[in-house]
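**Q** What follows is model.cif, mmCIF, C-alpha atoms.
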data_data
loop_
_atom_site.label_atom_id
_atom_site.label_comp_id
_atom_site.auth_asym_id
_atom_site.auth_seq_id
_atom_site.Cartn_x
_atom_site.Cartn_y
_atom_site.Cartn_z
CA MET A 1 -29.78 45.24 -24.67
CA THR A 2 -31.05 41.65 -24.93
CA ARG A 3 -29.27 40.71 -21.71
CA ASP A 4 -30.92 43.66 -20.00
CA ARG A 5 -34.31 42.40 -21.10
CA ALA A 6 -33.56 38.89 -19.87
CA ALA A 7 -32.43 40.19 -16.48
CA LEU A 8 -35.48 42.42 -16.18
CA ALA A 9 -37.75 39.52 -17.19
CA ALA A 10 -36.06 37.34 -14.53
CA TYR A 11 -36.67 40.08 -11.96
CA CYS A 12 -40.34 40.30 -12.95
CA GLN A 13 -40.73 36.52 -12.79
CA SER A 14 -39.12 36.42 -9.36
CA TYR A 15 -41.41 39.20 -8.19
CA ALA A 16 -44.48 37.31 -9.43
CA LEU A 17 -43.40 34.11 -7.65
CA TRP A 18 -42.51 36.06 -4.49
CA SER A 19 -45.89 37.83 -4.53
CA ASP A 20 -47.78 34.53 -4.94
CA ALA A 21 -45.78 32.95 -2.11
CA ILE A 22 -46.42 35.93 0.19
CA GLN A 23 -50.15 35.72 -0.52
CA ALA A 24 -50.12 32.00 0.32
CA ILE A 25 -48.23 32.69 3.55
CA GLN A 26 -50.76 35.35 4.49
CA LYS A 27 -53.61 32.93 3.74
CA TYR A 28 -52.21 29.73 5.30
CA GLY A 29 -49.59 31.10 7.72
CA PRO A 30 -45.86 30.48 7.96
CA LEU A 31 -46.44 27.10 9.62
CA ILE A 32 -48.57 24.27 8.25
CA LYS A 33 -49.48 20.85 9.55
CA SER A 34 -47.47 17.95 8.21
CA PRO A 35 -49.33 14.76 7.16
CA ASN A 36 -48.50 13.45 10.65
CA GLY A 37 -50.16 16.48 12.22
CA TYR A 38 -46.98 18.18 13.39
CA PRO A 39 -46.30 21.83 12.57
CA GLN A 40 -43.71 22.48 9.89
CA VAL A 41 -42.45 25.53 8.04
CA SER A 42 -44.54 26.32 4.99
CA PRO A 43 -42.80 25.57 1.69
CA TYR A 44 -44.10 28.96 0.53
CA LEU A 45 -41.70 30.56 2.98
CA ALA A 46 -38.72 28.99 1.21
CA VAL A 47 -40.05 30.16 -2.16
CA ALA A 48 -40.58 33.71 -0.88
CA ASN A 49 -37.10 33.86 0.64
CA LYS A 50 -35.38 32.48 -2.48
CA GLN A 51 -37.22 34.86 -4.81
CA ALA A 52 -36.41 37.80 -2.52
CA GLU A 53 -32.70 36.88 -2.74
CA ILE A 54 -32.91 36.74 -6.54
CA MET A 55 -34.75 40.08 -6.72
CA ILE A 56 -32.18 41.79 -4.48
CA ARG A 57 -29.30 40.43 -6.58
CA ILE A 58 -30.88 41.60 -9.84
CA ALA A 59 -31.99 44.91 -8.31
CA SER A 60 -28.41 45.73 -7.40
CA GLU A 61 -27.34 45.13 -11.01
CA PHE A 62 -29.91 47.66 -12.21
CA GLY A 63 -29.12 50.22 -9.50
CA PHE A 64 -32.46 49.72 -7.73
CA THR A 65 -30.95 49.62 -4.22
CA PRO A 66 -29.47 52.56 -2.29
CA ALA A 67 -26.06 50.87 -2.07
CA SER A 68 -25.93 50.10 -5.80
CA ARG A 69 -27.03 53.64 -6.69
CA SER A 70 -24.10 55.03 -4.72
CA ARG A 71 -21.70 53.05 -6.96
CA ILE A 72 -23.11 54.47 -10.21
CA ALA A 73 -20.77 56.97 -11.81
CA THR A 74 -22.27 59.68 -13.98
CA GLY A 75 -20.30 61.67 -16.50
#
Starting from the file, give its structure as structure tokens.

**A**
Amino acid sequence: MTRDRAALAAYCQSYALWSDAIQAIQKYGPLIKSPNGYPQVSPYLAVANKQAEIMIRIASEFGFTPASRSRIATG
């Protein structure tokens, strides 16, 4: 039970970070200007992508995805 709580807490934390990063991307865009004035990929994009990966991995453990639900056996 404790491990379930920890995994769910990790999912919630990843969701919060992902949501914040998405809001920043929507506000500032996926590209930002470097100190030299050249366009570069926003660091928020890397955060959003990493947190999405974590959420998908945890979601499959809890049966939150269609593919993981199909593997659940009921008695």

**Q** Mind telling me what the PyMOL selection byres ((chain A and resi 17) around 10) catches here, as a ChimeraX atom specification?

**A** /A:11-16,18-23,44,47-48,50-52

**Q** Name all residues at most 12 Å from A:Ala9 (count all atoms listed in the file; drop same-chain ones fewer than 6 positions away) and give them as a PyMOL selection string.

**A** chain A and resi 2-3+15-16+55+58-59

**Q** Generate the output file for the selected residues, C-alpha atoms, as a PDB file, in the frame of the given file.

**A**
ATOM      1  CA  THR A   2     -31.050  41.650 -24.930  1.00  0.00           C
ATOM      2  CA  ARG A   3     -29.270  40.710 -21.710  1.00  0.00           C
ATOM      3  CA  TYR A  15     -41.410  39.200  -8.190  1.00  0.00           C
ATOM      4  CA  ALA A  16     -44.480  37.310  -9.430  1.00  0.00           C
ATOM      5  CA  MET A  55     -34.750  40.080  -6.720  1.00  0.00           C
ATOM      6  CA  ILE A  58     -30.880  41.600  -9.840  1.00  0.00           C
ATOM      7  CA  ALA A  59     -31.990  44.910  -8.310  1.00  0.00           C
TER       8      ALA A  59
END

**Q** I want to know what sits within 6 Å of A:Ser42, based on only C-alpha atoms, with residues of the same chain fewer than 6 positions away left out; could you give that as number ranges by chain?

**A** A: 30-32

**Q** Taking only all heavy atoms, show stretch 64-75 of chain A of the given structure as a PDB file, in the first residue's frame.

**A**
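Listing of decode.pdb after writing:
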ATOM      1  N   PHE A  64      -3.829   2.848 -16.181  1.00  0.00           N
ATOM      2  CA  PHE A  64      -4.487   4.064 -16.668  1.00  0.00           C
ATOM      3  C   PHE A  64      -4.497   4.181 -18.187  1.00  0.00           C
ATOM      4  O   PHE A  64      -5.148   5.057 -18.729  1.00  0.00           O
ATOM      5  CB  PHE A  64      -3.794   5.316 -16.112  1.00  0.00           C
ATOM      6  CG  PHE A  64      -3.938   5.523 -14.630  1.00  0.00           C
ATOM      7  CD1 PHE A  64      -3.117   6.425 -13.975  1.00  0.00           C
ATOM      8  CD2 PHE A  64      -4.877   4.832 -13.883  1.00  0.00           C
ATOM      9  CE1 PHE A  64      -3.229   6.647 -12.611  1.00  0.00           C
ATOM     10  CE2 PHE A  64      -4.992   5.036 -12.522  1.00  0.00           C
ATOM     11  CZ  PHE A  64      -4.171   5.945 -11.885  1.00  0.00           C
ATOM     12  N   THR A  65      -3.735   3.331 -18.879  1.00  0.00           N
ATOM     13  CA  THR A  65      -3.675   3.416 -20.337  1.00  0.00           C
ATOM     14  C   THR A  65      -4.473   2.269 -20.955  1.00  0.00           C
ATOM     15  O   THR A  65      -4.634   1.212 -20.324  1.00  0.00           O
ATOM     16  CB  THR A  65      -2.216   3.347 -20.841  1.00  0.00           C
ATOM     17  OG1 THR A  65      -1.684   2.052 -20.516  1.00  0.00           O
ATOM     18  CG2 THR A  65      -1.349   4.427 -20.219  1.00  0.00           C
ATOM     19  N   PRO A  66      -4.974   2.439 -22.172  1.00  0.00           N
ATOM     20  CA  PRO A  66      -5.732   1.348 -22.810  1.00  0.00           C
ATOM     21  C   PRO A  66      -4.929   0.044 -22.904  1.00  0.00           C
ATOM     22  O   PRO A  66      -5.459  -1.037 -22.646  1.00  0.00           O
ATOM     23  CB  PRO A  66      -6.060   1.900 -24.193  1.00  0.00           C
ATOM     24  CG  PRO A  66      -6.027   3.379 -24.029  1.00  0.00           C
ATOM     25  CD  PRO A  66      -4.968   3.645 -22.992  1.00  0.00           C
ATOM     26  N   ALA A  67      -3.664   0.142 -23.260  1.00  0.00           N
ATOM     27  CA  ALA A  67      -2.839  -1.070 -23.392  1.00  0.00           C
ATOM     28  C   ALA A  67      -2.657  -1.767 -22.042  1.00  0.00           C
ATOM     29  O   ALA A  67      -2.739  -2.992 -21.964  1.00  0.00           O
ATOM     30  CB  ALA A  67      -1.479  -0.717 -23.984  1.00  0.00           C
ATOM     31  N   SER A  68      -2.428  -0.991 -20.986  1.00  0.00           N
ATOM     32  CA  SER A  68      -2.229  -1.623 -19.671  1.00  0.00           C
ATOM     33  C   SER A  68      -3.526  -2.207 -19.130  1.00  0.00           C
ATOM     34  O   SER A  68      -3.520  -3.210 -18.442  1.00  0.00           O
ATOM     35  CB  SER A  68      -1.603  -0.645 -18.689  1.00  0.00           C
ATOM     36  OG  SER A  68      -2.456   0.449 -18.430  1.00  0.00           O
ATOM     37  N   ARG A  69      -4.663  -1.584 -19.464  1.00  0.00           N
ATOM     38  CA  ARG A  69      -5.958  -2.122 -19.019  1.00  0.00           C
ATOM     39  C   ARG A  69      -6.228  -3.482 -19.668  1.00  0.00           C
ATOM     40  O   ARG A  69      -6.827  -4.362 -19.057  1.00  0.00           O
ATOM     41  CB  ARG A  69      -7.085  -1.155 -19.331  1.00  0.00           C
ATOM     42  CG  ARG A  69      -7.226  -0.063 -18.313  1.00  0.00           C
ATOM     43  CD  ARG A  69      -8.543   0.682 -18.461  1.00  0.00           C
ATOM     44  NE  ARG A  69      -8.687   1.367 -19.731  1.00  0.00           N
ATOM     45  CZ  ARG A  69      -8.209   2.571 -19.985  1.00  0.00           C
ATOM     46  NH1 ARG A  69      -7.544   3.238 -19.062  1.00  0.00           N
ATOM     47  NH2 ARG A  69      -8.377   3.131 -21.162  1.00  0.00           N
ATOM     48  N   SER A  70      -5.772  -3.649 -20.903  1.00  0.00           N
ATOM     49  CA  SER A  70      -6.014  -4.917 -21.588  1.00  0.00           C
ATOM     50  C   SER A  70      -5.220  -6.052 -20.959  1.00  0.00           C
ATOM     51  O   SER A  70      -5.572  -7.225 -21.139  1.00  0.00           O
ATOM     52  CB  SER A  70      -5.680  -4.800 -23.084  1.00  0.00           C
ATOM     53  OG  SER A  70      -4.284  -4.671 -23.275  1.00  0.00           O
ATOM     54  N   ARG A  71      -4.169  -5.758 -20.207  1.00  0.00           N
ATOM     55  CA  ARG A  71      -3.351  -6.790 -19.566  1.00  0.00           C
ATOM     56  C   ARG A  71      -3.848  -7.145 -18.162  1.00  0.00           C
ATOM     57  O   ARG A  71      -3.344  -8.057 -17.541  1.00  0.00           O
ATOM     58  CB  ARG A  71      -1.900  -6.328 -19.482  1.00  0.00           C
ATOM     59  CG  ARG A  71      -1.221  -6.241 -20.834  1.00  0.00           C
ATOM     60  CD  ARG A  71       0.269  -6.012 -20.697  1.00  0.00           C
ATOM     61  NE  ARG A  71       0.605  -4.781 -20.026  1.00  0.00           N
ATOM     62  CZ  ARG A  71       0.811  -3.607 -20.612  1.00  0.00           C
ATOM     63  NH1 ARG A  71       0.706  -3.504 -21.913  1.00  0.00           N
ATOM     64  NH2 ARG A  71       1.131  -2.535 -19.911  1.00  0.00           N
ATOM     65  N   ILE A  72      -4.831  -6.411 -17.654  1.00  0.00           N
ATOM     66  CA  ILE A  72      -5.335  -6.680 -16.310  1.00  0.00           C
ATOM     67  C   ILE A  72      -6.263  -7.886 -16.348  1.00  0.00           C
ATOM     68  O   ILE A  72      -7.217  -7.933 -17.123  1.00  0.00           O
ATOM     69  CB  ILE A  72      -6.089  -5.448 -15.740  1.00  0.00           C
ATOM     70  CG1 ILE A  72      -5.112  -4.274 -15.575  1.00  0.00           C
ATOM     71  CG2 ILE A  72      -6.739  -5.780 -14.412  1.00  0.00           C
ATOM     72  CD1 ILE A  72      -5.780  -2.986 -15.158  1.00  0.00           C
ATOM     73  N   ALA A  73      -5.961  -8.849 -15.497  1.00  0.00           N
ATOM     74  CA  ALA A  73      -6.798 -10.048 -15.404  1.00  0.00           C
ATOM     75  C   ALA A  73      -7.729  -9.909 -14.208  1.00  0.00           C
ATOM     76  O   ALA A  73      -7.297  -9.544 -13.108  1.00  0.00           O
ATOM     77  CB  ALA A  73      -5.928 -11.278 -15.246  1.00  0.00           C
ATOM     78  N   THR A  74      -9.002 -10.157 -14.426  1.00  0.00           N
ATOM     79  CA  THR A  74      -9.959 -10.119 -13.334  1.00  0.00           C
ATOM     80  C   THR A  74     -10.463 -11.523 -13.045  1.00  0.00           C
ATOM     81  O   THR A  74     -10.598 -12.350 -13.949  1.00  0.00           O
ATOM     82  CB  THR A  74     -11.151  -9.203 -13.682  1.00  0.00           C
ATOM     83  OG1 THR A  74     -11.756  -9.676 -14.870  1.00  0.00           O
ATOM     84  CG2 THR A  74     -10.700  -7.768 -13.864  1.00  0.00           C
ATOM     85  N   GLY A  75     -10.726 -11.783 -11.806  1.00  0.00           N
ATOM     86  CA  GLY A  75     -11.123 -13.141 -11.407  1.00  0.00           C
ATOM     87  C   GLY A  75     -12.588 -13.353 -11.277  1.00  0.00           C
ATOM     88  O   GLY A  75     -13.456 -12.599 -11.336  1.00  0.00           O
TER      89      GLY A  75
END
